[in-house]
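Listing of protein.cif, mmCIF, C-alpha atoms and all ligand atoms
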```cif
data_model
#
loop_
_atom_site.label_atom_id
_atom_site.label_comp_id
_atom_site.auth_asym_id
_atom_site.auth_seq_id
_atom_site.Cartn_x
_atom_site.Cartn_y
_atom_site.Cartn_z
CA MET A 1 -6.03 167.14 228.02
CA ARG A 2 -4.06 164.82 225.78
CA ILE A 3 -4.75 164.43 222.06
CA ALA A 4 -3.86 161.41 219.92
CA VAL A 5 -2.73 162.72 216.55
CA VAL A 6 -2.94 160.29 213.61
CA PRO A 7 -1.70 161.81 210.32
CA GLY A 8 -2.51 158.57 208.45
CA ASP A 9 -1.89 158.31 204.70
CA GLY A 10 -1.36 160.49 201.63
CA ILE A 11 -2.08 164.17 202.21
CA GLY A 12 -2.88 163.32 205.86
CA GLN A 13 0.93 163.28 206.26
CA GLU A 14 1.00 166.86 204.98
CA VAL A 15 -2.08 168.58 206.39
CA VAL A 16 -1.85 167.20 209.94
CA PRO A 17 1.79 168.19 210.60
CA ALA A 18 0.92 171.58 209.06
CA ALA A 19 -1.89 172.02 211.61
CA LEU A 20 0.15 171.21 214.72
CA PRO A 21 1.97 174.59 215.07
CA VAL A 22 -1.50 176.16 215.43
CA LEU A 23 -2.15 173.95 218.43
CA THR A 24 1.19 174.89 219.99
CA LEU A 25 0.61 178.61 219.42
CA LEU A 26 -2.92 178.60 220.86
CA ASP A 27 -1.89 176.34 223.74
CA GLU A 28 0.78 178.84 224.79
CA ALA A 29 -1.31 181.96 224.19
CA TYR A 30 -4.39 180.70 226.05
CA GLY A 31 -2.75 178.32 228.55
CA LEU A 32 -4.92 175.44 227.36
CA GLY A 33 -2.73 172.71 228.86
CA ILE A 34 -3.15 170.48 225.79
CA THR A 35 -0.45 167.96 224.93
CA HIS A 36 -0.37 165.57 221.99
CA ASP A 37 1.24 162.34 220.83
CA VAL A 38 1.68 161.52 217.15
CA LEU A 39 0.72 157.90 216.37
CA ASP A 40 1.92 156.07 213.24
CA TRP A 41 -1.31 154.22 212.39
CA GLY A 42 -1.78 153.90 208.65
CA ALA A 43 -0.75 152.15 205.44
CA ASP A 44 3.03 152.09 206.06
CA THR A 45 2.65 150.44 209.47
CA TRP A 46 0.03 148.03 208.11
CA LEU A 47 2.27 146.95 205.21
CA ARG A 48 5.27 146.56 207.54
CA THR A 49 3.56 144.80 210.45
CA GLY A 50 0.04 143.81 209.38
CA VAL A 51 -1.39 145.90 212.22
CA GLY A 52 -3.98 148.63 211.67
CA LEU A 53 -5.38 149.45 215.08
CA PRO A 54 -2.85 148.14 217.65
CA GLU A 55 -4.05 145.81 220.38
CA GLY A 56 -5.46 147.71 223.36
CA ALA A 57 -5.72 150.92 221.32
CA ILE A 58 -9.38 151.58 222.19
CA GLU A 59 -8.70 151.13 225.92
CA ARG A 60 -5.68 153.43 225.69
CA LEU A 61 -7.62 156.09 223.84
CA THR A 62 -10.45 155.89 226.37
CA LYS A 63 -8.15 156.09 229.40
CA GLU A 64 -5.40 158.45 228.30
CA TYR A 65 -6.84 160.71 225.64
CA GLY A 66 -9.69 163.17 225.35
CA ALA A 67 -9.72 163.39 221.59
CA VAL A 68 -8.23 162.10 218.34
CA LEU A 69 -7.14 164.32 215.44
CA LEU A 70 -7.01 162.25 212.25
CA GLY A 71 -5.78 163.13 208.75
CA ALA A 72 -6.97 160.52 206.27
CA LEU A 73 -6.59 156.84 205.52
CA GLY A 74 -6.31 155.27 202.09
CA ASP A 75 -3.38 154.02 200.02
CA PRO A 76 -3.25 152.67 196.47
CA ARG A 77 -1.09 149.77 197.73
CA ILE A 78 -4.06 148.53 199.83
CA PRO A 79 -6.91 148.62 197.29
CA ASP A 80 -9.57 147.18 199.63
CA MET A 81 -8.83 149.75 202.38
CA ALA A 82 -8.56 146.90 204.92
CA HIS A 83 -6.31 148.99 207.19
CA GLY A 84 -8.58 152.03 206.92
CA ARG A 85 -11.65 150.05 207.86
CA GLU A 86 -9.88 148.50 210.82
CA ILE A 87 -8.69 151.87 212.13
CA LEU A 88 -11.69 154.10 211.28
CA LEU A 89 -14.55 151.69 211.91
CA GLY A 90 -12.61 150.31 214.88
CA MET A 91 -12.55 153.76 216.49
CA ARG A 92 -16.15 154.64 215.50
CA ARG A 93 -17.53 151.44 217.00
CA GLY A 94 -14.99 150.95 219.77
CA LEU A 95 -15.42 154.48 221.12
CA ASP A 96 -19.17 154.48 220.27
CA LEU A 97 -18.85 157.71 218.26
CA TYR A 98 -22.49 157.72 217.23
CA VAL A 99 -22.83 161.45 216.48
CA ASN A 100 -21.11 162.69 213.33
CA HIS A 101 -21.32 166.48 213.07
CA ARG A 102 -20.46 168.10 209.73
CA PRO A 103 -21.08 171.84 209.64
CA VAL A 104 -21.68 173.39 206.21
CA THR A 105 -20.63 177.03 206.24
CA LEU A 106 -22.25 179.14 203.54
CA PRO A 107 -22.63 182.88 202.94
CA THR A 108 -26.28 182.46 203.98
CA GLY A 109 -25.37 180.84 207.32
CA VAL A 110 -24.21 177.57 208.83
CA ILE A 111 -26.11 174.31 208.37
CA ASP A 112 -25.34 171.80 211.12
CA ILE A 113 -25.61 168.35 209.55
CA PHE A 114 -25.75 165.51 212.08
CA ARG A 115 -25.32 161.96 210.82
CA GLU A 116 -25.89 158.84 212.91
CA ASN A 117 -22.55 157.13 212.68
CA THR A 118 -22.77 153.54 213.94
CA GLN A 119 -25.90 151.76 212.67
CA GLY A 120 -28.25 151.76 209.67
CA LEU A 121 -26.94 150.24 206.46
CA TYR A 122 -23.37 150.34 207.79
CA VAL A 123 -23.81 147.73 210.56
CA GLY A 124 -22.37 145.01 208.36
CA VAL A 125 -25.35 142.66 208.71
CA GLY A 126 -25.96 140.71 205.52
CA GLY A 127 -24.32 138.26 203.19
CA THR A 128 -24.15 136.82 199.72
CA VAL A 129 -25.27 133.64 198.00
CA PRO A 130 -22.93 132.53 195.22
CA GLN A 131 -24.40 131.29 191.96
CA GLY A 132 -22.20 129.64 189.34
CA GLY A 133 -19.02 131.27 190.68
CA ARG A 134 -20.59 134.74 190.76
CA THR A 135 -22.57 136.65 193.36
CA GLY A 136 -26.15 135.57 192.86
CA VAL A 137 -27.80 137.20 195.86
CA ALA A 138 -26.51 140.14 197.93
CA ILE A 139 -28.07 141.41 201.16
CA ASP A 140 -27.19 144.44 203.31
CA GLU A 141 -29.61 144.98 206.17
CA CYS A 142 -30.51 148.39 207.57
CA VAL A 143 -30.61 148.05 211.35
CA TYR A 144 -31.66 150.70 213.88
CA THR A 145 -32.37 150.31 217.57
CA ARG A 146 -34.72 152.73 219.33
CA GLU A 147 -32.06 153.30 221.97
CA THR A 148 -29.53 154.59 219.44
CA VAL A 149 -32.01 156.73 217.48
CA GLU A 150 -33.33 158.25 220.72
CA LYS A 151 -29.97 159.18 222.20
CA PHE A 152 -28.77 160.51 218.84
CA VAL A 153 -31.86 162.66 218.22
CA ARG A 154 -31.94 163.97 221.80
CA TYR A 155 -28.27 164.96 221.72
CA CYS A 156 -28.58 166.73 218.35
CA LEU A 157 -31.72 168.65 219.33
CA GLY A 158 -29.98 169.73 222.53
CA ARG A 159 -26.93 170.93 220.61
CA LEU A 160 -29.09 172.89 218.17
CA ARG A 161 -31.04 174.52 220.99
CA ASP A 162 -27.86 175.36 222.92
CA THR A 163 -26.35 177.04 219.86
CA GLY A 164 -29.41 179.21 219.28
CA ARG A 165 -30.87 177.39 216.29
CA THR A 166 -34.65 177.48 215.75
CA LYS A 167 -35.25 175.02 212.89
CA VAL A 168 -34.43 171.35 212.39
CA THR A 169 -35.14 168.98 209.50
CA LEU A 170 -35.32 165.19 209.65
CA VAL A 171 -34.13 163.63 206.38
CA HIS A 172 -35.58 160.16 205.73
CA LYS A 173 -37.18 157.93 203.11
CA ALA A 174 -40.05 156.50 205.13
CA ASN A 175 -42.21 155.99 202.04
CA ALA A 176 -39.82 153.44 200.53
CA VAL A 177 -37.87 152.30 203.60
CA PRO A 178 -40.81 152.18 205.99
CA ASN A 179 -39.62 150.30 209.08
CA THR A 180 -36.53 152.21 210.12
CA GLY A 181 -38.09 155.30 208.51
CA ARG A 182 -41.09 155.16 210.85
CA LEU A 183 -38.87 154.57 213.88
CA TRP A 184 -36.95 157.76 213.05
CA GLN A 185 -40.16 159.75 212.53
CA GLU A 186 -41.68 158.46 215.76
CA VAL A 187 -38.60 159.31 217.82
CA PHE A 188 -38.07 162.70 216.12
CA ARG A 189 -41.67 163.81 216.77
CA ARG A 190 -41.60 162.57 220.36
CA GLU A 191 -38.25 164.18 221.24
CA LEU A 192 -39.21 167.50 219.60
CA GLU A 193 -41.92 167.91 222.24
CA ASP A 194 -39.15 168.50 224.79
CA PHE A 195 -37.64 171.29 222.67
CA PRO A 196 -40.36 173.92 222.26
CA GLY A 197 -37.90 176.44 220.77
CA LEU A 198 -37.19 174.18 217.78
CA GLU A 199 -39.50 174.04 214.79
CA GLY A 200 -39.26 170.58 213.21
CA SER A 201 -39.82 169.57 209.59
CA GLU A 202 -39.41 166.30 207.70
CA GLU A 203 -38.25 165.75 204.12
CA TYR A 204 -37.68 162.75 201.87
CA VAL A 205 -33.96 162.51 201.21
CA ASP A 206 -34.27 162.89 197.43
CA ALA A 207 -36.43 166.01 197.67
CA PHE A 208 -34.11 167.34 200.38
CA CYS A 209 -31.04 166.99 198.10
CA TYR A 210 -32.91 168.85 195.35
CA HIS A 211 -33.91 171.67 197.69
CA LEU A 212 -30.48 171.87 199.35
CA VAL A 213 -28.71 172.43 196.03
CA ARG A 214 -31.27 174.94 194.74
CA ASP A 215 -31.52 177.01 197.93
CA PRO A 216 -29.74 175.99 201.15
CA SER A 217 -30.75 179.16 203.02
CA PRO A 218 -33.84 177.80 204.86
CA TYR A 219 -31.89 175.01 206.61
CA GLN A 220 -30.27 175.33 210.04
CA GLY A 221 -30.04 171.81 211.48
CA VAL A 222 -30.33 168.50 209.65
CA LEU A 223 -30.62 165.03 211.21
CA ALA A 224 -30.07 161.92 209.11
CA SER A 225 -29.39 158.21 209.36
CA ASN A 226 -25.95 156.84 208.48
CA LEU A 227 -26.16 156.43 204.68
CA PHE A 228 -28.33 159.49 203.97
CA GLY A 229 -26.15 161.64 206.23
CA ASP A 230 -22.99 160.44 204.48
CA ILE A 231 -24.34 161.47 201.06
CA VAL A 232 -26.08 164.68 202.11
CA SER A 233 -22.96 165.97 203.87
CA ASP A 234 -20.85 165.49 200.73
CA ILE A 235 -23.36 167.68 198.87
CA GLY A 236 -22.88 170.16 201.69
CA ALA A 237 -19.10 170.02 201.17
CA ALA A 238 -19.56 170.73 197.46
CA LEU A 239 -21.80 173.73 198.24
CA MET A 240 -19.08 175.12 200.52
CA GLY A 241 -16.54 175.06 197.72
CA GLY A 242 -14.92 171.67 197.94
CA LEU A 243 -13.70 168.83 200.11
CA GLY A 244 -10.67 170.88 201.17
CA LEU A 245 -13.01 172.96 203.34
CA ALA A 246 -15.21 170.33 205.02
CA ALA A 247 -14.48 169.44 208.66
CA SER A 248 -16.12 166.89 210.93
CA ALA A 249 -16.43 165.70 214.50
CA SER A 250 -17.49 162.22 215.59
CA ILE A 251 -18.38 162.14 219.23
CA CYS A 252 -19.69 159.98 222.03
CA PRO A 253 -21.73 162.37 224.19
CA GLU A 254 -21.62 160.03 227.21
CA THR A 255 -17.82 159.81 227.50
CA GLY A 256 -17.10 163.11 225.75
CA ILE A 257 -14.36 161.55 223.59
CA GLY A 258 -14.27 162.78 220.00
CA LEU A 259 -12.60 162.01 216.69
CA PHE A 260 -11.95 165.14 214.65
CA GLU A 261 -11.06 164.81 210.98
CA PRO A 262 -11.42 166.45 207.59
CA VAL A 263 -14.15 164.89 205.43
CA HIS A 264 -11.75 164.33 202.52
CA GLY A 265 -9.60 161.26 201.94
CA SER A 266 -5.88 160.78 201.32
CA ALA A 267 -6.02 162.37 197.82
CA PRO A 268 -3.31 160.22 196.17
CA ASP A 269 -3.61 162.37 193.02
CA ILE A 270 -1.99 165.35 194.77
CA ALA A 271 -0.13 163.68 197.67
CA GLY A 272 3.52 164.67 198.03
CA ARG A 273 3.19 167.89 196.00
CA GLY A 274 2.74 170.24 198.95
CA ILE A 275 -0.48 171.76 197.61
CA ALA A 276 -3.10 169.99 199.77
CA ASN A 277 -5.48 172.38 201.47
CA PRO A 278 -5.04 172.16 205.25
CA TYR A 279 -8.19 174.26 205.91
CA ALA A 280 -10.49 171.27 206.68
CA THR A 281 -7.98 169.72 209.08
CA VAL A 282 -7.35 172.97 210.94
CA MET A 283 -11.12 173.59 211.02
CA SER A 284 -11.49 170.12 212.57
CA LEU A 285 -8.95 171.24 215.17
CA ALA A 286 -11.15 174.29 215.84
CA MET A 287 -14.09 171.93 216.39
CA LEU A 288 -11.92 169.95 218.81
CA LEU A 289 -11.06 173.09 220.78
CA GLU A 290 -14.72 174.12 220.86
CA HIS A 291 -15.73 170.63 222.04
CA ALA A 292 -13.10 170.80 224.80
CA GLY A 293 -14.66 174.03 226.06
CA HIS A 294 -12.13 176.43 224.51
CA GLY A 295 -14.61 178.58 222.60
CA ALA A 296 -12.48 181.74 222.36
CA PRO A 297 -9.40 180.26 220.63
CA ALA A 298 -11.71 178.17 218.43
CA ALA A 299 -13.57 181.28 217.23
CA LEU A 300 -10.31 183.15 216.59
CA LEU A 301 -8.93 180.19 214.64
CA ARG A 302 -12.05 180.04 212.45
CA ARG A 303 -11.81 183.76 211.67
CA CYS A 304 -8.10 183.51 210.75
CA LEU A 305 -8.72 180.46 208.55
CA ASP A 306 -11.48 182.22 206.62
CA GLU A 307 -9.39 185.33 206.16
CA ALA A 308 -6.40 183.31 204.90
CA ALA A 309 -8.67 181.35 202.52
CA ARG A 310 -9.85 184.63 200.95
CA GLY A 311 -6.28 185.87 200.47
CA GLU A 312 -3.28 185.19 198.26
CA ALA A 313 -2.13 182.13 200.16
CA ALA A 314 -5.23 180.08 199.26
CA THR A 315 -4.38 176.67 197.79
CA PRO A 316 -5.13 175.72 194.14
CA ASP A 317 -8.40 173.88 194.98
CA LEU A 318 -9.72 177.29 196.09
CA GLY A 319 -8.43 178.95 192.94
CA GLY A 320 -5.29 180.31 194.62
CA LYS A 321 -1.56 179.94 193.99
CA GLY A 322 -0.61 179.03 197.55
CA THR A 323 0.79 175.85 199.06
CA THR A 324 0.03 173.93 202.25
CA ARG A 325 2.99 175.74 203.78
CA SER A 326 2.20 179.27 202.60
CA PHE A 327 -1.44 178.92 203.65
CA MET A 328 -0.44 177.86 207.16
CA ASP A 329 2.15 180.67 207.34
CA ALA A 330 -0.70 183.10 206.59
CA VAL A 331 -2.95 181.51 209.24
CA LEU A 332 -0.19 181.59 211.86
CA ALA A 333 0.63 185.24 211.09
CA LEU A 334 -3.04 186.18 211.50
CA LEU A 335 -3.23 184.21 214.75
CA GLU A 336 -0.11 185.95 216.13
CA ARG A 337 -1.83 189.28 215.52
CA GLY A 338 -5.16 188.09 216.92
CA VAL A 339 -4.19 186.44 220.21
P1 LIG B 401 -10.36 162.26 198.29
O1 LIG B 401 -11.17 163.05 199.23
O2 LIG B 401 -9.06 161.76 198.80
O3 LIG B 401 -10.10 163.11 196.96
C1 LIG B 401 -11.14 163.55 196.09
C2 LIG B 401 -10.64 164.74 195.26
O4 LIG B 401 -10.58 165.89 196.08
C3 LIG B 401 -9.24 164.53 194.69
O5 LIG B 401 -9.17 165.11 193.42
C4 LIG B 401 -8.36 165.28 195.67
O6 LIG B 401 -7.17 165.79 195.09
C5 LIG B 401 -9.27 166.41 196.13
N1 LIG B 401 -8.98 166.80 197.53
C6 LIG B 401 -9.34 166.12 198.64
N2 LIG B 401 -8.87 166.73 199.73
C7 LIG B 401 -8.20 167.82 199.31
C8 LIG B 401 -7.46 168.84 199.98
N3 LIG B 401 -7.34 168.88 201.32
N4 LIG B 401 -6.89 169.80 199.23
C9 LIG B 401 -7.00 169.80 197.89
N5 LIG B 401 -7.67 168.85 197.21
C10 LIG B 401 -8.26 167.87 197.91
O7 LIG B 401 -11.28 161.03 197.81
P2 LIG B 401 -10.89 159.77 196.89
O8 LIG B 401 -9.95 160.18 195.82
O9 LIG B 401 -12.18 159.17 196.54
O10 LIG B 401 -10.17 158.77 197.86
C11 LIG B 401 -8.75 158.66 198.01
C12 LIG B 401 -8.45 157.69 199.13
O11 LIG B 401 -8.91 158.22 200.38
C13 LIG B 401 -9.13 156.34 198.96
O12 LIG B 401 -8.24 155.34 199.41
C14 LIG B 401 -10.34 156.43 199.88
O13 LIG B 401 -10.76 155.17 200.31
C15 LIG B 401 -9.79 157.28 201.00
N6 LIG B 401 -10.80 158.04 201.77
C16 LIG B 401 -10.59 158.13 203.12
C17 LIG B 401 -11.43 158.89 203.91
C18 LIG B 401 -11.11 159.02 205.36
O14 LIG B 401 -10.00 158.70 205.78
N7 LIG B 401 -12.01 159.50 206.18
C19 LIG B 401 -12.59 159.58 203.34
C20 LIG B 401 -12.69 159.48 201.90
C21 LIG B 401 -11.82 158.70 201.16
MG MG B 402 -18.38 159.97 202.85
#
```
Whole structure, structure tokens version:
Amino acid sequence: MRIAVVPGDGIGQEVVPAALPVLTLLDEAYGLGITHDVLDWGADTWLRTGVGLPEGAIERLTKEYGAVLLGALGDPRIPDMAHGREILLGMRRGLDLYVNHRPVTLPTGVIDIFRENTQGLYVGVGGTVPQGGRTGVAIDECVYTRETVEKFVRYCLGRLRDTGRTKVTLVHKANAVPNTGRLWQEVFRRELEDFPGLEGSEEYVDAFCYHLVRDPSPYQGVLASNLFGDIVSDIGAALMGGLGLAASASICPETGIGLFEPVHGSAPDIAGRGIANPYATVMSLAMLLEHAGHGAPAALLRRCLDEAARGEAATPDLGGKGTTRSFMDAVLALLERGV
């Protein structure tokens, strides 16, 4: 398997290179046969050449690579994030990465949040009507096709069943957004019939956010449309203890290709200081290994990460005095002992 590694911008340039020795160590210890190429997509290349996602990139990724490991995109010199949209949305749509999985790990257990990643309010259907030199009317349409909702829901329910989960919650707002809301409810109820081991429940997104913050312990699996899933998973990241801990996988179940990335952005406020927390990026690498069928090294890596995060090498966002470097030294030392 070959991995395309895109450090990107800001702290992406710090946390991704910091994660790569882990890959090398596990590859040697477990004979995984994984190789990687580092690609220079990001703000610097965009400013130099005007290119975000190079021509033919999607075809190359599809043919030559099994997965992408991404840091973050975002640079103060490109305020509208044009390069980031081209690269990120280009990969999401081009590779049809319609399942976005963001696990929330809490002392009470793991909540698997699944967000539909390609449609809904993010399809880019809409427009504006100018009025006297200003925006007079603004429209963003929420679009869902039954085909996409069905394949998304079926895949997520299958994943939850296969990982031994017994409860799943659909998050929606069908009272106020009735058309797509009803489609989601219809599909969810229908698909659940094929998964007798899963007990389904439905919650309005506002009530769900309230309940999640007050007591996350009842939740195991959560399914949400694009916008709701985006917001709900950031609440999940906050519950975990910060963006430095939140990892994600965006996958296309049909082709198996996946994009693995921390949830956080390029953090220009701390970029270049060597204190960015690499936990979320390395946890995304663990998700990549798991997805590629390497469950044992993935589990070891997760254990070592958690142990390092509890120790002296933890970075300042976790209340520690460590650096990106010292944290990864601790993780690598634990891995050496564990393999
Ligand atoms: P951000 O996630 O970059 O930072 C938010 C806050 O969390 C900052 O105070 C930052 O220092 C802190 N933080 C984030 N990751 C951290 C880590 N690993 N260790 C320690 N602290 C960490 O979000 P922000 O500031 O809204 O966006 C900055 C840039 O990143 C923008 O250009 C934005 O568009 C972009 N962005 C890109 C994303 C992506 O590539 N997937 C996602 C979110 C934002
Ligand atoms: Mg977000």
Query raised in the report: Looking at A:Ala286, A:Leu259, A:Ala57, A:Met91, which one is nearest to Leu70 (chain A), with distances taken over all atoms listed in the file?
Result: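 Checking each candidate against Leu70 (chain A), we get A:Leu259 as the closest.
Distances here use all atoms listed in the file; by that measure, the residue among A:Gly244, A:Pro316, A:Gly197, A:Gly74 closest to Ala280 (chain A) is A:Gly244.
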Query raised in the report: Within 12 Å of Asp306 (chain A), counting only C-alpha atoms, which residues qualify if same-chain residues fewer than 2 places away don't, as a PyMOL selection string?
Result: chain A and resi 105-107+245+279-280+282-283+299-304+308-311+313-314+318+327-328+330-331+334-335
Query - Contacts of ligand MG 402 (chain B), 8 Å or closer, only C-alpha atoms and all ligand atoms, given as an MDAnalysis selection string - result: chainID A and resid 230:231 233:234 263:264
Report task. Would you mind telling me which residue in A:Gly274, A:Ser225, A:Pro79, A:Lys167 lies nearest to Cys142 (chain A) when using all atoms listed in the file? Result ->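 So, comparing all the options, the nearest one is A:Ser225.
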Could region 11-22 of chain A be completed with N, CA and C atoms and written as a PDB file, in the coordinates of the input, please?
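Saved result, out-v3.pdb, follows:
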```pdb
ATOM      1  N   ILE A  11      -2.183 162.775 201.779  1.00  0.00           N
ATOM      2  CA  ILE A  11      -2.080 164.170 202.210  1.00  0.00           C
ATOM      3  C   ILE A  11      -2.306 164.329 203.719  1.00  0.00           C
ATOM      4  N   GLY A  12      -2.798 163.270 204.391  1.00  0.00           N
ATOM      5  CA  GLY A  12      -2.880 163.320 205.860  1.00  0.00           C
ATOM      6  C   GLY A  12      -1.519 163.618 206.461  1.00  0.00           C
ATOM      7  N   GLN A  13      -0.455 163.078 205.807  1.00  0.00           N
ATOM      8  CA  GLN A  13       0.930 163.280 206.260  1.00  0.00           C
ATOM      9  C   GLN A  13       1.392 164.720 206.037  1.00  0.00           C
ATOM     10  N   GLU A  14       0.624 165.469 205.239  1.00  0.00           N
ATOM     11  CA  GLU A  14       1.000 166.860 204.980  1.00  0.00           C
ATOM     12  C   GLU A  14       0.138 167.832 205.789  1.00  0.00           C
ATOM     13  N   VAL A  15      -1.191 167.604 205.767  1.00  0.00           N
ATOM     14  CA  VAL A  15      -2.080 168.580 206.390  1.00  0.00           C
ATOM     15  C   VAL A  15      -2.074 168.496 207.926  1.00  0.00           C
ATOM     16  N   VAL A  16      -1.855 167.301 208.474  1.00  0.00           N
ATOM     17  CA  VAL A  16      -1.850 167.200 209.940  1.00  0.00           C
ATOM     18  C   VAL A  16      -0.602 167.841 210.548  1.00  0.00           C
ATOM     19  N   PRO A  17       0.616 167.483 210.072  1.00  0.00           N
ATOM     20  CA  PRO A  17       1.790 168.190 210.600  1.00  0.00           C
ATOM     21  C   PRO A  17       1.694 169.702 210.404  1.00  0.00           C
ATOM     22  N   ALA A  18       1.063 170.131 209.304  1.00  0.00           N
ATOM     23  CA  ALA A  18       0.920 171.580 209.060  1.00  0.00           C
ATOM     24  C   ALA A  18       0.014 172.235 210.097  1.00  0.00           C
ATOM     25  N   ALA A  19      -0.928 171.458 210.644  1.00  0.00           N
ATOM     26  CA  ALA A  19      -1.890 172.020 211.610  1.00  0.00           C
ATOM     27  C   ALA A  19      -1.320 172.111 213.020  1.00  0.00           C
ATOM     28  N   LEU A  20      -0.309 171.296 213.331  1.00  0.00           N
ATOM     29  CA  LEU A  20       0.150 171.210 214.720  1.00  0.00           C
ATOM     30  C   LEU A  20       0.731 172.503 215.300  1.00  0.00           C
ATOM     31  N   PRO A  21       1.482 173.319 214.502  1.00  0.00           N
ATOM     32  CA  PRO A  21       1.970 174.590 215.070  1.00  0.00           C
ATOM     33  C   PRO A  21       0.850 175.499 215.569  1.00  0.00           C
ATOM     34  N   VAL A  22      -0.342 175.379 214.974  1.00  0.00           N
ATOM     35  CA  VAL A  22      -1.500 176.160 215.430  1.00  0.00           C
ATOM     36  C   VAL A  22      -1.853 175.765 216.862  1.00  0.00           C
TER      37      VAL A  22
END
```
